[in-house]
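Worksheet for the structure shown next.
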Amino acid sequence: MKIAVCVKQVPDTGAGITLDPNDKTVNREGEGELNSLDEYAVEEALKIAEANSGEVVAVTMGPDQAVDAVRKALQMGADSGIHLSDESLKGSCAVATSAALAKLLEGRGFDLIVFGSESTDARMSVVPAMVAERLGLPQLTYANNVEVAGSDVKIHRVTDYGYDEVSASTPAVISVVEKINEPRYPSFKGIMAAKKKPVETVTVADLGIEAPAATSTVESFEDVPPRAAGTIVTDEGDGGVKIADYLSTQKLI
Amino acid sequence: MAEILVLVEHTDGSVKKVTTELLTLARSIGEPSAVFIGSGADEAAATLAEYGAENIYVADAEELSNHPVAPAAEVLAQLVSEKSPAAVLIASTAEGKEVAGRLAVKIDSGLITDAIGVNSDLSATQSIFGGTVTVTSKVSTGTPVITVRPNSAAPEAAAGAGNRSDVSVSLSQGATNATITNRVEEKKGGRPDLAEAAIVVSGGRGVGGAEGFEVIEKLADSLGAAVGASRAATDAGWYPHQFQVGQTGKTVSPQLYIANGISGAIQHRAGMQTSKRIVVVNKDPEAPIFELADYGVVGDLFEVVPQLTEEVTKRKG
Ligand SMILES: Cc1cc2nc3c(=O)[nH]c(=O)nc-3n(C[C@H](O)[C@H](O)[C@H](O)COP(=O)(O)OP(=O)(O)OC[C@H]3O[C@@H](n4cnc5c(N)ncnc54)[C@H](O)[C@@H]3O)c2cc1C
Ligand SMILES: Nc1ncnc2c1ncn2[C@@H]1O[C@H](COP(=O)(O)O)[C@@H](O)[C@H]1O
């Protein structure tokens, strides 16, 4: 079984994400990290591969330093990587990202393509569904449980009321939510082994396409002024009454 | 006036509040038409017309509900090609965003998610990076597909013609290759929908256990509010996962958010920072959540919250 796991390098969440005032795209120069929600995707891909004597290929699209996301996946145990890197893809919107990823994944014989549920910078949660649409593959997204038996795949898709059981046959697209597993930490052995694992670098020209144009653009942006400091009181036995007073003055009750 | 398609969110024909918000918003940029998928259109029609739907397009084939996401995108894509609307508005829920994504691919158009406003030139306002930055974005290709967060507009009734027409769609193989075999309900009934609620009362690790959530639920019920939880509380199994607020849970933007025993980690803030008013109860005066508080009480939630519940009940008479 051949499994792709799509991982994204995102700006370090701790340091805060910023937009570049010139081209109004996300600043990707500084230290990045593997999108934390993609760690669950890597873990799930590895588990499925372990149970089905499969192989895992970590796939990313992003600037040069995005290869670090692939490296992290390799340290966790993925077998090889593919990195689509091209200056012309800078500032890609989700529509363009999904087009490029679909092209990159197509024709490589993957039985499963596993995604995280969301990138912590874009926060759109749309790329997996869009890749499924483009490739004409079953969409098994928002899974908090995945069962693979031969070519049958069954997931629990998280819904507002609980979950839906959804089933399909491979090849299929999966996205997983963070409740699904506990991602492993790379072991020392894993970190050493990752250095020797192959990562294929691909350009847009290699895919035989033109860089998909961005279909939406940021016209302007501004920082939201920090919330005005509120009133903080210490409970002296009347804290509940005081909140009720506040709610009354705000006409909330 | 240009036609604006609005995908209706409903439960068996009972229209969700977010749809009345989207219809209201659509009226400010064009002429809304409601797209109703599933059964219960008869029940929904009056509400949709009341909030301004000029047309109601109904797709009610059984197979539409047997597969996730893709059928709705196919219905909308067909309507976009028949009606050439100026834009498509969809509620920014997990499923709504996926429908929007597939639709954008099908009609070769740009997509904006999580809008908190749509302007007359069809640009959209979004709140990003946990509510710290506001951006205005515009779709430059095709028919803009925009998902709008619940609670972004106040619903206002203004009657529309509500002309109903049925839409028949034959689903493609790509829309039927994943099948819903069972729906499992875990929901605690009776309270407003978390994403749509005007008031949300949340509990975190400070609530101390599943029993502790009774205190939270009682306050919520006195206010007619939805109940939310931090990840610490859902991971511990104290409250079901679908009530988690935050980066990997729901994004809420209510009139009032009351955080009880929640420290205010960045991932939690990402889901509640755009609430209009925030009230905090926490025994640690250093808890970062106080930075967001319009009103905060440093104290034990088991003292403060029951007293507040009692007071609210008294004042509501
Ligand atoms: C990938 C990822 C995704 C995540 N997604 C989310 C998410 O979607 N939503 C989310 O919430 N978190 C999320 N988290 C977790 C987040 O980082 C925090 O761990 C979590 O929000 C902490 O929950 P808490 O505030 O309830 O618990 P704590 O941080 O332990 O805070 C408990 C608070 O309760 C107070 N307290 C204790 N007892 C009382 C009492 N009797 N009365 C009053 N106050 C009391 C304490 O002073 C403390 O401030 C995510 C983390 C990761 C890594
Ligand atoms: N540039 C990218 N390269 C590889 N995978 C990506 C990229 N962008 C998004 N993804 C995948 O799509 C998921 C959802 O991302 P998003 O739709 O941006 O929230 C992520 O968790 C990743 O698995």
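Chains: A, B, ... in order of the structure tokens. Residues: from 1 per chain. Ligands: from 1, in order shown.
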Query raised in the report: Residues within 9 Å of ligand 2 (only C-alpha atoms and all ligand atoms), as a count of residues only?
Result: 48
Query - Nearby residues, ligand 1, 9 Å, only C-alpha atoms and all ligand atoms, as a ChimeraX atom specification - result: /A:35-40,120,178 /B:203-208,229-234,244-251,259-271,281-289,298-304
Report task. DSSP on the backbone, then: every residue of segment 67-130 of chain A marked strand (DSSP E), written as an NGL selection string. Result -> :A and (80-84 or 112-116)
Query raised in the report: Which residue, A:Asp206, A:Asp64, A:Glu182, A:Asp160, has the smallest gap to chain B when you use only C-alpha atoms?
Result: A:Asp160
Give me, as a Markdown table, each residue of chain B that comes within 7 Å of chain A, together with its shortest interatomic pair and the distance in Å at one decimal, counting only C-alpha atoms, with rows ordered by chain and rising residue number.
```
| residue | atom | partner | partner_atom | distance |
| --- | --- | --- | --- | --- |
| B:Lys97 | CA | A:Val126 | CA | 6.3 |
| B:Glu98 | CA | A:Val126 | CA | 5.4 |
| B:Gly101 | CA | A:Met130 | CA | 5.5 |
| B:Arg102 | CA | A:Met130 | CA | 5.1 |
| B:Val105 | CA | A:Met130 | CA | 6.6 |
| B:Ser109 | CA | A:Thr215 | CA | 6.6 |
| B:Gly110 | CA | A:Thr215 | CA | 4.5 |
| B:Leu111 | CA | A:Ser216 | CA | 6.8 |
| B:Thr113 | CA | A:Met124 | CA | 6.4 |
| B:Phe129 | CA | A:Ile17 | CA | 6.8 |
| B:Thr132 | CA | A:Val224 | CA | 5.1 |
| B:Val133 | CA | A:Asp223 | CA | 4.4 |
| B:Thr134 | CA | A:Glu222 | CA | 5.4 |
| B:Val135 | CA | A:Phe221 | CA | 4.1 |
| B:Thr136 | CA | A:Ser220 | CA | 5.3 |
| B:Ser137 | CA | A:Val218 | CA | 4.2 |
| B:Lys138 | CA | A:Ser216 | CA | 5.4 |
| B:Val139 | CA | A:Ser216 | CA | 4.0 |
| B:Ser140 | CA | A:Ser216 | CA | 5.1 |
| B:Thr141 | CA | A:Thr215 | CA | 5.1 |
| B:Gly174 | CA | A:Gly136 | CA | 4.9 |
| B:Asn177 | CA | A:Pro138 | CA | 5.1 |
| B:Ala178 | CA | A:Ala168 | CA | 4.8 |
| B:Thr179 | CA | A:Val166 | CA | 5.3 |
| B:Ile180 | CA | A:Val166 | CA | 4.4 |
| B:Thr181 | CA | A:Glu165 | CA | 5.5 |
| B:Asn182 | CA | A:Glu165 | CA | 5.1 |
| B:Arg183 | CA | A:Asp164 | CA | 4.4 |
| B:Val184 | CA | A:Tyr163 | CA | 5.3 |
| B:Glu185 | CA | A:Gly162 | CA | 4.8 |
| B:Glu186 | CA | A:Gly162 | CA | 4.6 |
| B:Lys187 | CA | A:Tyr161 | CA | 4.8 |
| B:Gln242 | CA | A:Asp160 | CA | 6.0 |
| B:Leu292 | CA | A:Arg227 | CA | 6.5 |
| B:Ala293 | CA | A:Gly230 | CA | 5.5 |
| B:Asp294 | CA | A:Gly230 | CA | 4.0 |
| B:Tyr295 | CA | A:Thr231 | CA | 4.9 |
| B:Gly296 | CA | A:Ile232 | CA | 4.5 |
| B:Val297 | CA | A:Val233 | CA | 5.0 |
| B:Val298 | CA | A:Thr234 | CA | 4.6 |
| B:Gly299 | CA | A:Asp235 | CA | 5.1 |
| B:Val304 | CA | A:Gly240 | CA | 4.6 |
| B:Val305 | CA | A:Gly240 | CA | 6.1 |
| B:Gln307 | CA | A:Gly240 | CA | 4.8 |
| B:Leu308 | CA | A:Gly240 | CA | 4.0 |
| B:Glu311 | CA | A:Val241 | CA | 6.2 |
| B:Val312 | CA | A:Ala244 | CA | 6.4 |
```
Query - For Gln65 of chain A: contacts at 9 Å, only C-alpha atoms, fewer than 2 positions along chain excluded, given as a PyMOL selection string - result: chain A and resi 9+28-29+31-32+62-63+67-69
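Coordinates place atom CA of Glu31 of chain B at a distance of 21.1 Å from atom CA of Ala72 of chain B.
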**Report entry** Per-residue DSSP, segment 43-279 of chain B, filtered to helix (DSSP H, G or I), as a PyMOL selection string
**Finding:** chain B and resi 43-50+62-65+70-83+94-106+173-176+205-207+213-223+231-235+241-243+266-269
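For the pair atom CA of Leu171 of chain B and atom CA of Leu48 of chain B, the interatomic distance is 25.7 Å.
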Query - For Gly109 of chain A: contacts at 12 Å, only C-alpha atoms, fewer than 3 positions along chain excluded, given as an MDAnalysis selection string - result: chainID A and resid 1:4 55 57 104:106 112:113 170:172
Could you write out the selected residues, including N, CA and C atoms, as a compact mmCIF listing (two decimals), in the first residue's frame?
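selection.txt written:
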```
# COMPACT_ATOMS: atom_id res chain seq x y z
N MET A 1 0.83 -1.20 0.00
CA MET A 1 0.00 0.00 0.00
C MET A 1 0.87 1.25 0.00
N LYS A 2 0.59 2.16 -0.94
CA LYS A 2 1.40 3.37 -1.07
C LYS A 2 0.60 4.57 -0.56
N ILE A 3 1.16 5.23 0.44
CA ILE A 3 0.41 6.30 1.12
C ILE A 3 1.17 7.62 1.00
N ALA A 4 0.48 8.65 0.54
CA ALA A 4 1.06 10.00 0.55
C ALA A 4 0.52 10.72 1.77
N GLU A 55 4.17 1.86 2.34
CA GLU A 55 5.22 2.87 2.41
C GLU A 55 4.57 4.24 2.47
N VAL A 57 5.00 8.38 1.79
CA VAL A 57 5.74 9.45 1.11
C VAL A 57 5.21 10.79 1.62
N LEU A 104 0.78 17.16 -8.63
CA LEU A 104 1.97 16.52 -8.06
C LEU A 104 1.67 15.08 -7.63
N LEU A 105 0.45 14.86 -7.12
CA LEU A 105 0.09 13.54 -6.57
C LEU A 105 -0.36 12.57 -7.65
N GLU A 106 -0.89 13.13 -8.72
CA GLU A 106 -1.52 12.34 -9.78
C GLU A 106 -0.52 11.37 -10.43
N LEU A 112 -3.70 5.84 -0.79
CA LEU A 112 -4.32 6.78 0.14
C LEU A 112 -3.52 8.07 0.13
N ILE A 113 -4.25 9.19 0.20
CA ILE A 113 -3.60 10.49 0.35
C ILE A 113 -4.14 11.09 1.64
N THR A 170 -10.24 2.37 -1.97
CA THR A 170 -9.03 3.05 -2.41
C THR A 170 -9.02 3.10 -3.93
N PRO A 171 -8.34 4.06 -4.53
CA PRO A 171 -7.64 5.17 -3.90
C PRO A 171 -8.60 6.21 -3.32
N ALA A 172 -8.20 6.82 -2.19
CA ALA A 172 -9.08 7.78 -1.53
C ALA A 172 -8.27 8.87 -0.84
```
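For Ala34 of chain B, the set of protein, DNA and RNA residues having any atom at most 8 Å away, when counting only C-alpha atoms and skipping those fewer than 6 positions along the same chain, is Leu5, Val6, Leu7, Val8, Leu23, Leu48, Ala53, Glu54, Asn55, Ile56 and Tyr57 of chain B.
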**Report entry** Option closest in space to Asp114 of chain B, from B:Gly228, B:Gly131, B:Gly190, B:Gly317 [counting only C-alpha atoms]
**Finding:** B:Gly131
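From atom CA of Ser222 of chain B back to atom CA of Arg315 of chain B, the distance works out to 10.3 Å.
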